[in-house]
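Working notes, beginning with the structure itself.
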Amino acid sequence: MASRTRRPGAAPGAPDGSRRRRLPMRLLLPVLVLVALMAMLMLRGYVHSEILADHRIQAEASTDKVPEKILDGGPVIDTRSGRATSLKMPDRRLVLTFDDGPDPTWTPKVLDVLKKHHAHAVFFVTGTMASRYPDLVKRIVAEGHEVGLHTFNHPDLSFQSKKRIDWELSQNQLALAGAAGIRTSLFRPPYSSFADAMDNKSWPVTEYIGTRGYITVVNNTDSEDWRKPGVHEILRNATPKNGKGAIVLMHDSGGDRHQTVQALDRFLPDMQDKDYEFDNLTEALDAPTAHTAVAGPELWKGKAWIFLVQASEHITDVLVVGLSIIGSLVIGRFVLMLLLSGIHARRVRRKDFRWGEPVTQPVSVLVPAYNEAKCIESTVRSLMASEHPIEVLVIDDGSSDGTARIVEAMGLPNVRVVRQLNAGKPAALNRGLANARHDIIVMMDGDTVFEPSTVRELVQPFGDPRVGAVAGNAKVGNRDSLIGAWQHIEYVMGFNLDRRMYDVLRCMPTIPGAVGAFRRSALERVGGMSDDTLAEDTDITMAMHRDGWRVVYAEKARAWTEAPESVQQLWSQRYRWSYGTMQAIWKHRKALVERGPSGRFGRVGLPLVSLFMVVAPLLAPLIDVFLLYGVVFGPTEKTIVAWLGVLAIQLVCAAYAFRLDRERMTHLISLPLQQILYRQLMYVVLLQSWITALTGGRLRWQKLRRTGVVEAPGGPVQRQRTHKGSDERRPVG
């Protein structure tokens with residue numbers, strides 16, 4: 001049997017043995033989704049004349065280079081043979097022409113009137129409208145009418161290069177091929193008028209159009225319906241004199257055309273009573289049809305084009321719905337946060353507010369540590385300043401940097417080191433729980449420092465026997481850098497304001513790993529810390545709710561933690577948080593159908609957590625996508641005003657959160673930049689987490705590099721207050 005062992009560094013398929021790096025699927029898919037989304041938006045902008053549109057109109061020019069026979073000739077101009085000729089309509093032959101369509105509102109009404117009176121017409125369609133409404137083009141052709149080109153984006157071709165003219169024609173034909181399976185030889189220039197209006201700017205375009213195989217069709221009778229002068233005036237303008245034949249200009253798009261439809265319904269029978277015939281252009285001239293069927297690659301290219309355009313329209317519709325959803329969620333969340341956090345603050349800050357009897361008994365503080373040599377001394381010394389009697393257990397989870405030795409060398413009272421082989425944070429916490437002496441367990445991270453009052457404030461809610469766990473107030477200690485300031489805003493606004501809201505709703509989803517406390521009995525009832533997810537703090541909190549315990553927020557229990565200081569480290573942390581939260585939601589999904597406390601959490605907590613922590617952040621990029629789209633393609637001013645409105649709402653919420661936490665407002669200066677840059681990173685992280693979950697990936701714990709820059713408030717303290725009898729508790733396990 002051949003060995004499966006490969007030489008390190010070699011990759012299959014690499015002839016030189018070099019390692020071939022492949023982009024992970026969880027990274028590749030977000031990139032592909034983003035590229036596809038931007039491509040669809042660009043396509044939509046193109047077919048809506050928001051991209052590459054040119055709305056300039058040429059001023060009148062001299063006519064000395066235009067042949068006299070063209071200026072004095074008829075409305076049909078043929079330069080295909082290299083010689084300019086023009087044709088007029090036979091007497092009592094009228095060719096109705098409709099420009100700028102098809103329009104989903106007015107073209108069907110026009111077609112209905114034509115069908116009612118057994119009349120034919122010519123529809124000069126733009127490529128943009130034909131691409132968006134292919135079924136109408138198909139109906140036009142099926143009912144015996146002729147179709148002509150009116151360019152793709154409706155520019156004045158006298159401003160355009162030959163390359164752009166060819167593009168306008170070919171794209172228009174592509175839309176026709178996809179919509180109706182035909183191509184046409186009829187063309188009408190945008191902004192054209194009578195033949196005698198041809199000038200030195202427009203004539204060269206007409207000559208060039210002929211070399212491309214097209215007959216140019218202008219008009220000699222303008223109904224001026226675009227001015228909306230009234231039905232009577234439209235009828236008067238459209239009626240030729242003395243029984244002459246004519247090409248009549250009307251419009252089936254470009255605005256409200258009800259006057260056109262009403263006038264047409266009267267014009268057709270009136271003129272038919274006068275022996276006028278309403279024919280296609282080629283019928284009126286007794287010429288072969290202008291339509292040619294397409295097949296093969298040309299047909300499939302057209303169908304592919306229509307499919308992509310329709311997809312872009314549908315995707316945009318979905319995005320608009322998504323934007324409405326995210327707008328509602330964002331506003332709803334802000335309203336709930338402002339209202340409920342205010343209720344929470346007023347409730348817990350009342351002078352007569354008490355959780356119950358003051359909690360004075362000693363507690364056990366568990367500090368899981370893996371390679372925390374740079375931070376662990378500050379962490380432990382901050383605990384030694386505690387105003388509440390504690391024992392400290394540092395659980396060294398197989399550190400290789402001497403973390404345990406540093407703690408042991410400090411020689412501090414009531415500080416014990418428990419060593420284990422590396423097994424992960426949940427296992428370290430469970431090991432600490434087994435060795436803890438007291439009935440209240442405080443958990444913190446090895447890179448976090450407590451204030452002297454933190455433990456005392458954190459455990460007071462246990463005076464209420466219904467409380468099983470308490471969330472503290474985690475703060476960013478290293479907020480001096482820009483990325484630290486952004487995380488500081490996020491912690492104060494996005495985390496702590498949320499916790500006040502969830503506390504009032506009694507469905508707080510997460511006890512932060514940096515500062516949280518639990519009843520030992522509650523932990524034991526739910527089986528301790530689990531390694532089923534990468535967010536063990538969210539997992540245990542949800543388990544507490546389902547077991548019937550209250551989970552509350554202690555705003556004065558402040559802890560200072562070291563936030564990631566690089567984009568890579570931040571990415572790793574938030575990727576784990578996002579993915580772990582999804583795992584926890586999925587793990588506890590049965591709560592949706594259960595009864596009692598579990599069912600209450602499942603039908604209140606899980607939907608809120610899913611909406612506010614998973615769905616809303618996933619859809620939130622739509623705000624920025626449409627912002628970018630609106631700024632680039634318009635309407636720019638309205639888009640900027642709308643975005644500033646959203647930013648103002650964010651600023652109000654952030655200022656309120658900072659006021660509640662008694663934080664300095666100066667850090668909010670970086671809020672606009674946070675919304676532009678930092679938030680985008682969070683979007684990509686969440687999307688990557690979604691894709692990892694959907695593709696069945698398994699994310700591993702990733703240790704963040706610490707710098708030890710967060711010191712204990714007020715400086716290190718050497719000794720802990722001693723409390724008589726605090727060591728008399730029997731160790732567990």
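Following the order of the structure tokens, first chain is A, next is B, and so on, with residues numbered from 1 inside each chain and ligands from 1 in the order they appear.
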Quick one: residues within 12 Å of Ser170 (chain A), only C-alpha atoms counted, chain neighbours fewer than 3 positions away excluded, as a PDB file with N, CA, C and O atoms, in the first residue's frame?
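Dumped everything to around_13.pdb:
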ATOM      1  N   THR A 126     -35.739  51.719 -25.816  1.00  0.00           N
ATOM      2  CA  THR A 126     -34.372  51.836 -25.302  1.00  0.00           C
ATOM      3  C   THR A 126     -33.936  50.489 -24.746  1.00  0.00           C
ATOM      4  O   THR A 126     -34.756  49.691 -24.286  1.00  0.00           O
ATOM      5  N   GLY A 127     -32.653  50.260 -24.776  1.00  0.00           N
ATOM      6  CA  GLY A 127     -32.136  48.994 -24.260  1.00  0.00           C
ATOM      7  C   GLY A 127     -32.363  48.832 -22.775  1.00  0.00           C
ATOM      8  O   GLY A 127     -32.588  47.718 -22.290  1.00  0.00           O
ATOM      9  N   LEU A 149     -34.679  50.600 -32.717  1.00  0.00           N
ATOM     10  CA  LEU A 149     -33.725  50.937 -31.666  1.00  0.00           C
ATOM     11  C   LEU A 149     -33.812  52.420 -31.326  1.00  0.00           C
ATOM     12  O   LEU A 149     -33.990  53.266 -32.207  1.00  0.00           O
ATOM     13  N   HIS A 150     -33.657  52.712 -30.044  1.00  0.00           N
ATOM     14  CA  HIS A 150     -33.608  54.105 -29.586  1.00  0.00           C
ATOM     15  C   HIS A 150     -32.406  54.293 -28.668  1.00  0.00           C
ATOM     16  O   HIS A 150     -32.449  55.099 -27.745  1.00  0.00           O
ATOM     17  N   THR A 151     -31.342  53.534 -28.938  1.00  0.00           N
ATOM     18  CA  THR A 151     -30.103  53.441 -28.152  1.00  0.00           C
ATOM     19  C   THR A 151     -30.367  52.709 -26.844  1.00  0.00           C
ATOM     20  O   THR A 151     -31.510  52.416 -26.496  1.00  0.00           O
ATOM     21  N   PHE A 152     -29.300  52.463 -26.130  1.00  0.00           N
ATOM     22  CA  PHE A 152     -29.443  51.763 -24.853  1.00  0.00           C
ATOM     23  C   PHE A 152     -29.741  52.733 -23.715  1.00  0.00           C
ATOM     24  O   PHE A 152     -30.699  52.573 -22.966  1.00  0.00           O
ATOM     25  N   ASN A 153     -28.888  53.758 -23.566  1.00  0.00           N
ATOM     26  CA  ASN A 153     -29.019  54.688 -22.442  1.00  0.00           C
ATOM     27  C   ASN A 153     -29.582  56.052 -22.820  1.00  0.00           C
ATOM     28  O   ASN A 153     -29.559  56.966 -21.998  1.00  0.00           O
ATOM     29  N   LYS A 163     -17.130  54.385 -31.114  1.00  0.00           N
ATOM     30  CA  LYS A 163     -17.115  53.200 -30.252  1.00  0.00           C
ATOM     31  C   LYS A 163     -18.319  53.195 -29.315  1.00  0.00           C
ATOM     32  O   LYS A 163     -18.966  52.170 -29.121  1.00  0.00           O
ATOM     33  N   ARG A 164     -18.649  54.355 -28.768  1.00  0.00           N
ATOM     34  CA  ARG A 164     -19.812  54.433 -27.875  1.00  0.00           C
ATOM     35  C   ARG A 164     -21.102  54.227 -28.664  1.00  0.00           C
ATOM     36  O   ARG A 164     -22.047  53.589 -28.181  1.00  0.00           O
ATOM     37  N   ILE A 165     -21.157  54.757 -29.890  1.00  0.00           N
ATOM     38  CA  ILE A 165     -22.357  54.554 -30.717  1.00  0.00           C
ATOM     39  C   ILE A 165     -22.558  53.064 -31.005  1.00  0.00           C
ATOM     40  O   ILE A 165     -23.674  52.537 -30.885  1.00  0.00           O
ATOM     41  N   ASP A 166     -21.460  52.388 -31.370  1.00  0.00           N
ATOM     42  CA  ASP A 166     -21.556  50.948 -31.622  1.00  0.00           C
ATOM     43  C   ASP A 166     -22.021  50.210 -30.366  1.00  0.00           C
ATOM     44  O   ASP A 166     -22.820  49.268 -30.445  1.00  0.00           O
ATOM     45  N   TRP A 167     -21.516  50.632 -29.224  1.00  0.00           N
ATOM     46  CA  TRP A 167     -21.913  50.007 -27.968  1.00  0.00           C
ATOM     47  C   TRP A 167     -23.401  50.201 -27.714  1.00  0.00           C
ATOM     48  O   TRP A 167     -24.104  49.264 -27.330  1.00  0.00           O
ATOM     49  N   GLN A 173     -29.575  45.942 -29.345  1.00  0.00           N
ATOM     50  CA  GLN A 173     -29.901  44.722 -30.088  1.00  0.00           C
ATOM     51  C   GLN A 173     -29.836  43.490 -29.184  1.00  0.00           C
ATOM     52  O   GLN A 173     -30.656  42.566 -29.314  1.00  0.00           O
ATOM     53  N   LEU A 174     -28.870  43.483 -28.267  1.00  0.00           N
ATOM     54  CA  LEU A 174     -28.746  42.365 -27.343  1.00  0.00           C
ATOM     55  C   LEU A 174     -30.011  42.228 -26.492  1.00  0.00           C
ATOM     56  O   LEU A 174     -30.511  41.124 -26.274  1.00  0.00           O
ATOM     57  N   ALA A 175     -30.532  43.365 -26.037  1.00  0.00           N
ATOM     58  CA  ALA A 175     -31.753  43.342 -25.243  1.00  0.00           C
ATOM     59  C   ALA A 175     -32.931  42.831 -26.072  1.00  0.00           C
ATOM     60  O   ALA A 175     -33.764  42.057 -25.588  1.00  0.00           O
ATOM     61  N   LEU A 176     -33.024  43.256 -27.335  1.00  0.00           N
ATOM     62  CA  LEU A 176     -34.098  42.785 -28.226  1.00  0.00           C
ATOM     63  C   LEU A 176     -33.997  41.280 -28.455  1.00  0.00           C
ATOM     64  O   LEU A 176     -35.011  40.562 -28.451  1.00  0.00           O
ATOM     65  N   ALA A 177     -32.781  40.820 -28.687  1.00  0.00           N
ATOM     66  CA  ALA A 177     -32.582  39.393 -28.936  1.00  0.00           C
ATOM     67  C   ALA A 177     -33.031  38.571 -27.731  1.00  0.00           C
ATOM     68  O   ALA A 177     -33.699  37.540 -27.869  1.00  0.00           O
ATOM     69  N   ARG A 183     -33.714  40.917 -34.143  1.00  0.00           N
ATOM     70  CA  ARG A 183     -32.960  42.147 -34.285  1.00  0.00           C
ATOM     71  C   ARG A 183     -33.695  43.005 -35.301  1.00  0.00           C
ATOM     72  O   ARG A 183     -34.533  42.504 -36.062  1.00  0.00           O
ATOM     73  N   THR A 184     -33.416  44.284 -35.306  1.00  0.00           N
ATOM     74  CA  THR A 184     -34.156  45.202 -36.160  1.00  0.00           C
ATOM     75  C   THR A 184     -33.204  46.105 -36.931  1.00  0.00           C
ATOM     76  O   THR A 184     -32.064  46.320 -36.494  1.00  0.00           O
ATOM     77  N   SER A 185     -33.684  46.635 -38.061  1.00  0.00           N
ATOM     78  CA  SER A 185     -32.877  47.556 -38.871  1.00  0.00           C
ATOM     79  C   SER A 185     -33.354  48.996 -38.745  1.00  0.00           C
ATOM     80  O   SER A 185     -32.842  49.875 -39.430  1.00  0.00           O
ATOM     81  N   ILE A 209     -24.533  55.706 -38.845  1.00  0.00           N
ATOM     82  CA  ILE A 209     -25.566  54.716 -38.522  1.00  0.00           C
ATOM     83  C   ILE A 209     -25.909  53.888 -39.764  1.00  0.00           C
ATOM     84  O   ILE A 209     -26.120  52.677 -39.693  1.00  0.00           O
ATOM     85  N   ARG A 212     -23.679  51.039 -40.493  1.00  0.00           N
ATOM     86  CA  ARG A 212     -23.869  49.909 -39.593  1.00  0.00           C
ATOM     87  C   ARG A 212     -25.117  49.108 -39.940  1.00  0.00           C
ATOM     88  O   ARG A 212     -25.485  48.177 -39.229  1.00  0.00           O
ATOM     89  N   GLY A 213     -25.791  49.495 -41.061  1.00  0.00           N
ATOM     90  CA  GLY A 213     -26.919  48.711 -41.551  1.00  0.00           C
ATOM     91  C   GLY A 213     -28.280  49.168 -41.070  1.00  0.00           C
ATOM     92  O   GLY A 213     -29.243  48.396 -41.148  1.00  0.00           O
ATOM     93  N   TYR A 214     -28.410  50.396 -40.589  1.00  0.00           N
ATOM     94  CA  TYR A 214     -29.674  50.873 -40.040  1.00  0.00           C
ATOM     95  C   TYR A 214     -30.301  51.964 -40.903  1.00  0.00           C
ATOM     96  O   TYR A 214     -29.601  52.779 -41.520  1.00  0.00           O
ATOM     97  N   GLU A 298     -26.030  34.204 -30.602  1.00  0.00           N
ATOM     98  CA  GLU A 298     -26.592  35.543 -30.438  1.00  0.00           C
ATOM     99  C   GLU A 298     -27.862  35.509 -29.592  1.00  0.00           C
ATOM    100  O   GLU A 298     -28.083  36.374 -28.732  1.00  0.00           O
ATOM    101  N   LYS A 301     -26.876  34.655 -25.939  1.00  0.00           N
ATOM    102  CA  LYS A 301     -26.265  35.818 -25.294  1.00  0.00           C
ATOM    103  C   LYS A 301     -27.344  36.798 -24.846  1.00  0.00           C
ATOM    104  O   LYS A 301     -27.285  37.364 -23.750  1.00  0.00           O
ATOM    105  N   GLY A 302     -28.341  36.984 -25.716  1.00  0.00           N
ATOM    106  CA  GLY A 302     -29.437  37.882 -25.360  1.00  0.00           C
ATOM    107  C   GLY A 302     -30.222  37.364 -24.175  1.00  0.00           C
ATOM    108  O   GLY A 302     -30.571  38.121 -23.259  1.00  0.00           O
TER     109      GLY A 302
END
For Thr289 (chain A), please output as a list of chain:residue names all residues within 12 Å (counting only C-alpha atoms; exclusion window: fewer than 4 positions along the same chain). A:Val122, A:Val141, A:Gly144, A:His145, A:Glu146, A:Val147, A:Gly148, A:Ile182, A:Arg183, A:Thr184, A:Ser185, A:Leu186, A:Asp279, A:Asn280, A:Leu281, A:Thr282, A:Glu283, A:Ala284, A:Leu285, A:Ala293
Determine which residues of region 529-664 of chain A receive a DSSP assignment of alpha helix (DSSP H), computed from the backbone, and state them as JSON, numbers by chain. {"A": [536, 537, 538, 539, 540, 541, 542, 543, 544, 545, 546, 567, 568, 569, 570, 571, 572, 573, 574, 575, 576, 577, 578, 579, 580, 581, 582, 583, 584, 585, 586, 587, 596, 597, 598, 599, 600, 606, 607, 608, 609, 610, 616, 617, 618, 619, 621, 622, 623, 624, 625, 626, 627, 628, 629, 630, 631, 632, 633, 636, 637, 638, 639, 640, 641, 642, 643, 644, 645, 646, 647, 648, 649, 650, 651, 652, 653, 654, 655, 656, 657, 658, 659, 660]}
Can I get the selection written as a PDB file, in the first residue's frame, with C-alpha atoms?
ATOM      1  CA  GLU A 536     -18.681  29.012  26.794  1.00  0.00           C
ATOM      2  CA  ASP A 537     -19.836  32.209  28.535  1.00  0.00           C
ATOM      3  CA  THR A 538     -22.899  32.496  26.279  1.00  0.00           C
ATOM      4  CA  ASP A 539     -23.552  28.765  26.528  1.00  0.00           C
ATOM      5  CA  ILE A 540     -23.531  28.730  30.352  1.00  0.00           C
ATOM      6  CA  THR A 541     -25.692  31.866  30.525  1.00  0.00           C
ATOM      7  CA  MET A 542     -28.364  30.335  28.302  1.00  0.00           C
ATOM      8  CA  ALA A 543     -28.221  27.153  30.365  1.00  0.00           C
ATOM      9  CA  MET A 544     -28.827  29.236  33.511  1.00  0.00           C
ATOM     10  CA  HIS A 545     -31.923  30.826  31.999  1.00  0.00           C
ATOM     11  CA  ARG A 546     -33.296  27.467  30.929  1.00  0.00           C
ATOM     12  CA  VAL A 567      -6.813  43.929  13.173  1.00  0.00           C
ATOM     13  CA  GLN A 568      -5.701  40.296  12.967  1.00  0.00           C
ATOM     14  CA  GLN A 569      -6.122  39.762  16.699  1.00  0.00           C
ATOM     15  CA  LEU A 570      -9.490  41.527  16.694  1.00  0.00           C
ATOM     16  CA  TRP A 571     -10.606  39.412  13.739  1.00  0.00           C
ATOM     17  CA  SER A 572      -9.670  36.190  15.543  1.00  0.00           C
ATOM     18  CA  GLN A 573     -11.488  37.207  18.718  1.00  0.00           C
ATOM     19  CA  ARG A 574     -14.705  38.374  17.082  1.00  0.00           C
ATOM     20  CA  TYR A 575     -14.750  35.463  14.670  1.00  0.00           C
ATOM     21  CA  ARG A 576     -14.729  33.116  17.665  1.00  0.00           C
ATOM     22  CA  TRP A 577     -17.375  35.157  19.482  1.00  0.00           C
ATOM     23  CA  SER A 578     -19.706  35.277  16.477  1.00  0.00           C
ATOM     24  CA  TYR A 579     -19.321  31.621  15.632  1.00  0.00           C
ATOM     25  CA  GLY A 580     -19.632  30.600  19.268  1.00  0.00           C
ATOM     26  CA  THR A 581     -22.825  32.622  19.692  1.00  0.00           C
ATOM     27  CA  MET A 582     -24.358  30.867  16.690  1.00  0.00           C
ATOM     28  CA  GLN A 583     -23.345  27.523  18.168  1.00  0.00           C
ATOM     29  CA  ALA A 584     -24.949  28.416  21.497  1.00  0.00           C
ATOM     30  CA  ILE A 585     -28.192  29.527  19.846  1.00  0.00           C
ATOM     31  CA  TRP A 586     -28.316  26.270  17.908  1.00  0.00           C
ATOM     32  CA  LYS A 587     -27.476  24.196  20.990  1.00  0.00           C
ATOM     33  CA  GLY A 596     -41.579  26.878  31.958  1.00  0.00           C
ATOM     34  CA  PRO A 597     -38.497  29.100  32.317  1.00  0.00           C
ATOM     35  CA  SER A 598     -36.781  27.372  29.403  1.00  0.00           C
ATOM     36  CA  GLY A 599     -39.693  28.090  27.099  1.00  0.00           C
ATOM     37  CA  ARG A 600     -39.872  31.706  28.216  1.00  0.00           C
ATOM     38  CA  LEU A 606     -33.469  33.399  21.614  1.00  0.00           C
ATOM     39  CA  PRO A 607     -35.441  35.453  19.030  1.00  0.00           C
ATOM     40  CA  LEU A 608     -34.054  38.721  20.415  1.00  0.00           C
ATOM     41  CA  VAL A 609     -30.504  37.397  20.491  1.00  0.00           C
ATOM     42  CA  SER A 610     -30.878  35.982  16.981  1.00  0.00           C
ATOM     43  CA  ALA A 616     -29.189  42.558  12.272  1.00  0.00           C
ATOM     44  CA  PRO A 617     -25.373  42.633  12.050  1.00  0.00           C
ATOM     45  CA  LEU A 618     -25.536  40.372   8.992  1.00  0.00           C
ATOM     46  CA  LEU A 619     -27.953  42.706   7.177  1.00  0.00           C
ATOM     47  CA  PRO A 621     -23.887  46.168   5.608  1.00  0.00           C
ATOM     48  CA  LEU A 622     -26.858  46.988   3.348  1.00  0.00           C
ATOM     49  CA  ILE A 623     -26.896  50.454   4.905  1.00  0.00           C
ATOM     50  CA  ASP A 624     -23.325  51.029   3.801  1.00  0.00           C
ATOM     51  CA  VAL A 625     -23.812  49.335   0.420  1.00  0.00           C
ATOM     52  CA  PHE A 626     -26.691  51.649  -0.429  1.00  0.00           C
ATOM     53  CA  LEU A 627     -24.768  54.585   1.031  1.00  0.00           C
ATOM     54  CA  LEU A 628     -21.868  53.930  -1.306  1.00  0.00           C
ATOM     55  CA  TYR A 629     -24.202  53.296  -4.224  1.00  0.00           C
ATOM     56  CA  GLY A 630     -26.169  56.477  -3.535  1.00  0.00           C
ATOM     57  CA  VAL A 631     -23.070  58.635  -3.123  1.00  0.00           C
ATOM     58  CA  VAL A 632     -21.555  57.424  -6.380  1.00  0.00           C
ATOM     59  CA  PHE A 633     -24.679  57.142  -8.536  1.00  0.00           C
ATOM     60  CA  THR A 636     -26.006  61.947  -3.458  1.00  0.00           C
ATOM     61  CA  GLU A 637     -27.418  64.642  -1.188  1.00  0.00           C
ATOM     62  CA  LYS A 638     -30.397  62.599  -0.005  1.00  0.00           C
ATOM     63  CA  THR A 639     -28.157  59.589   0.580  1.00  0.00           C
ATOM     64  CA  ILE A 640     -25.688  61.550   2.688  1.00  0.00           C
ATOM     65  CA  VAL A 641     -28.506  63.149   4.681  1.00  0.00           C
ATOM     66  CA  ALA A 642     -30.042  59.712   5.339  1.00  0.00           C
ATOM     67  CA  TRP A 643     -26.693  58.291   6.465  1.00  0.00           C
ATOM     68  CA  LEU A 644     -26.063  61.289   8.725  1.00  0.00           C
ATOM     69  CA  GLY A 645     -29.504  60.663  10.219  1.00  0.00           C
ATOM     70  CA  VAL A 646     -28.577  57.073  11.065  1.00  0.00           C
ATOM     71  CA  LEU A 647     -25.248  58.293  12.472  1.00  0.00           C
ATOM     72  CA  ALA A 648     -27.087  60.862  14.601  1.00  0.00           C
ATOM     73  CA  ILE A 649     -29.261  58.120  16.093  1.00  0.00           C
ATOM     74  CA  GLN A 650     -26.128  56.096  16.831  1.00  0.00           C
ATOM     75  CA  LEU A 651     -24.527  59.144  18.434  1.00  0.00           C
ATOM     76  CA  VAL A 652     -27.528  59.781  20.670  1.00  0.00           C
ATOM     77  CA  CYS A 653     -27.504  56.169  21.878  1.00  0.00           C
ATOM     78  CA  ALA A 654     -23.741  56.212  22.380  1.00  0.00           C
ATOM     79  CA  ALA A 655     -23.876  59.497  24.309  1.00  0.00           C
ATOM     80  CA  TYR A 656     -26.638  58.118  26.516  1.00  0.00           C
ATOM     81  CA  ALA A 657     -24.646  54.944  27.155  1.00  0.00           C
ATOM     82  CA  PHE A 658     -21.543  56.968  28.019  1.00  0.00           C
ATOM     83  CA  ARG A 659     -23.586  59.123  30.379  1.00  0.00           C
ATOM     84  CA  LEU A 660     -24.992  56.076  32.161  1.00  0.00           C
TER      85      LEU A 660
END
Gly342 (chain A) environment, 12 Å, only C-alpha atoms, sequence neighbours closer than 2 positions dropped, as a PyMOL selection string: chain A and resi 334-340+344-349+497-501+503-504+653+656-657+659-661
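Backbone DSSP of region 445-627 of chain A yields strand (DSSP E or B) at A:Thr448, A:Val449, A:Phe450, A:Val467, A:Gly468, A:Ala469, A:Val470, A:Ala471, A:Gly472, A:Asn473, A:Ala474, A:Lys475, A:Val476, A:Gly516, A:Ala517, A:Phe518, A:Arg519, A:Arg550, A:Val551, A:Val552, A:Tyr553, A:Ala554, A:Glu555, A:Lys556, A:Ala557, A:Arg558, A:Ala559, A:Trp560, A:Thr561.
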Which polymer residues have any atom within 12 Å of an atom of Pro269 (chain A), counting only C-alpha atoms, with same-chain residues fewer than 6 positions away left out, as a PyMOL selection string? chain A and resi 113-114+116-119+235+263+275-278
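The protein and nucleic acid residues lying at most 9 Å from region 28-38 of chain A are Leu23, Leu43, Ser312, Ile315, Val625, Val684, Leu687, Gln688 and Ile691 of chain A, with only C-alpha atoms considered and sequence neighbours fewer than 5 positions away removed.
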Next, dump the selected residues to file, keeping only N, CA and C atoms, as an mmCIF file, in the first residue's frame.
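Final output, out33.cif:
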data_model
loop_
_atom_site.group_PDB
_atom_site.id
_atom_site.type_symbol
_atom_site.label_atom_id
_atom_site.label_comp_id
_atom_site.auth_asym_id
_atom_site.auth_seq_id
_atom_site.Cartn_x
_atom_site.Cartn_y
_atom_site.Cartn_z
ATOM 1 N N LEU A 23 -7.003 29.761 -0.713
ATOM 2 C CA LEU A 23 -7.857 30.613 0.104
ATOM 3 C C LEU A 23 -8.943 29.754 0.733
ATOM 4 N N LEU A 43 -24.732 46.439 -12.457
ATOM 5 C CA LEU A 43 -25.590 46.131 -13.598
ATOM 6 C C LEU A 43 -26.917 46.859 -13.475
ATOM 7 N N SER A 312 -30.522 41.026 -11.330
ATOM 8 C CA SER A 312 -30.099 42.241 -10.626
ATOM 9 C C SER A 312 -31.293 43.003 -10.080
ATOM 10 N N ILE A 315 -32.537 40.921 -7.081
ATOM 11 C CA ILE A 315 -31.609 41.024 -5.957
ATOM 12 C C ILE A 315 -31.731 42.395 -5.303
ATOM 13 N N VAL A 625 -23.792 49.619 1.857
ATOM 14 C CA VAL A 625 -23.812 49.335 0.420
ATOM 15 C C VAL A 625 -24.650 50.382 -0.313
ATOM 16 N N VAL A 684 -17.712 41.591 7.969
ATOM 17 C CA VAL A 684 -17.022 40.506 7.279
ATOM 18 C C VAL A 684 -16.795 39.335 8.233
ATOM 19 N N LEU A 687 -20.090 37.527 8.582
ATOM 20 C CA LEU A 687 -20.389 36.779 7.364
ATOM 21 C C LEU A 687 -19.508 35.542 7.272
ATOM 22 N N GLN A 688 -18.255 35.681 7.638
ATOM 23 C CA GLN A 688 -17.357 34.529 7.623
ATOM 24 C C GLN A 688 -17.829 33.473 8.626
ATOM 25 N N ILE A 691 -20.722 31.577 7.123
ATOM 26 C CA ILE A 691 -20.290 30.634 6.085
ATOM 27 C C ILE A 691 -19.595 29.440 6.718
#
Might you pull out every residue within 10 Å of region 138-140 of chain A, with only C-alpha atoms counted and same-chain residues fewer than 2 positions away left off, and present them as a PyMOL selection string? chain A and resi 102+107-108+111+120-123+130+133-136+142-147+176+178-182
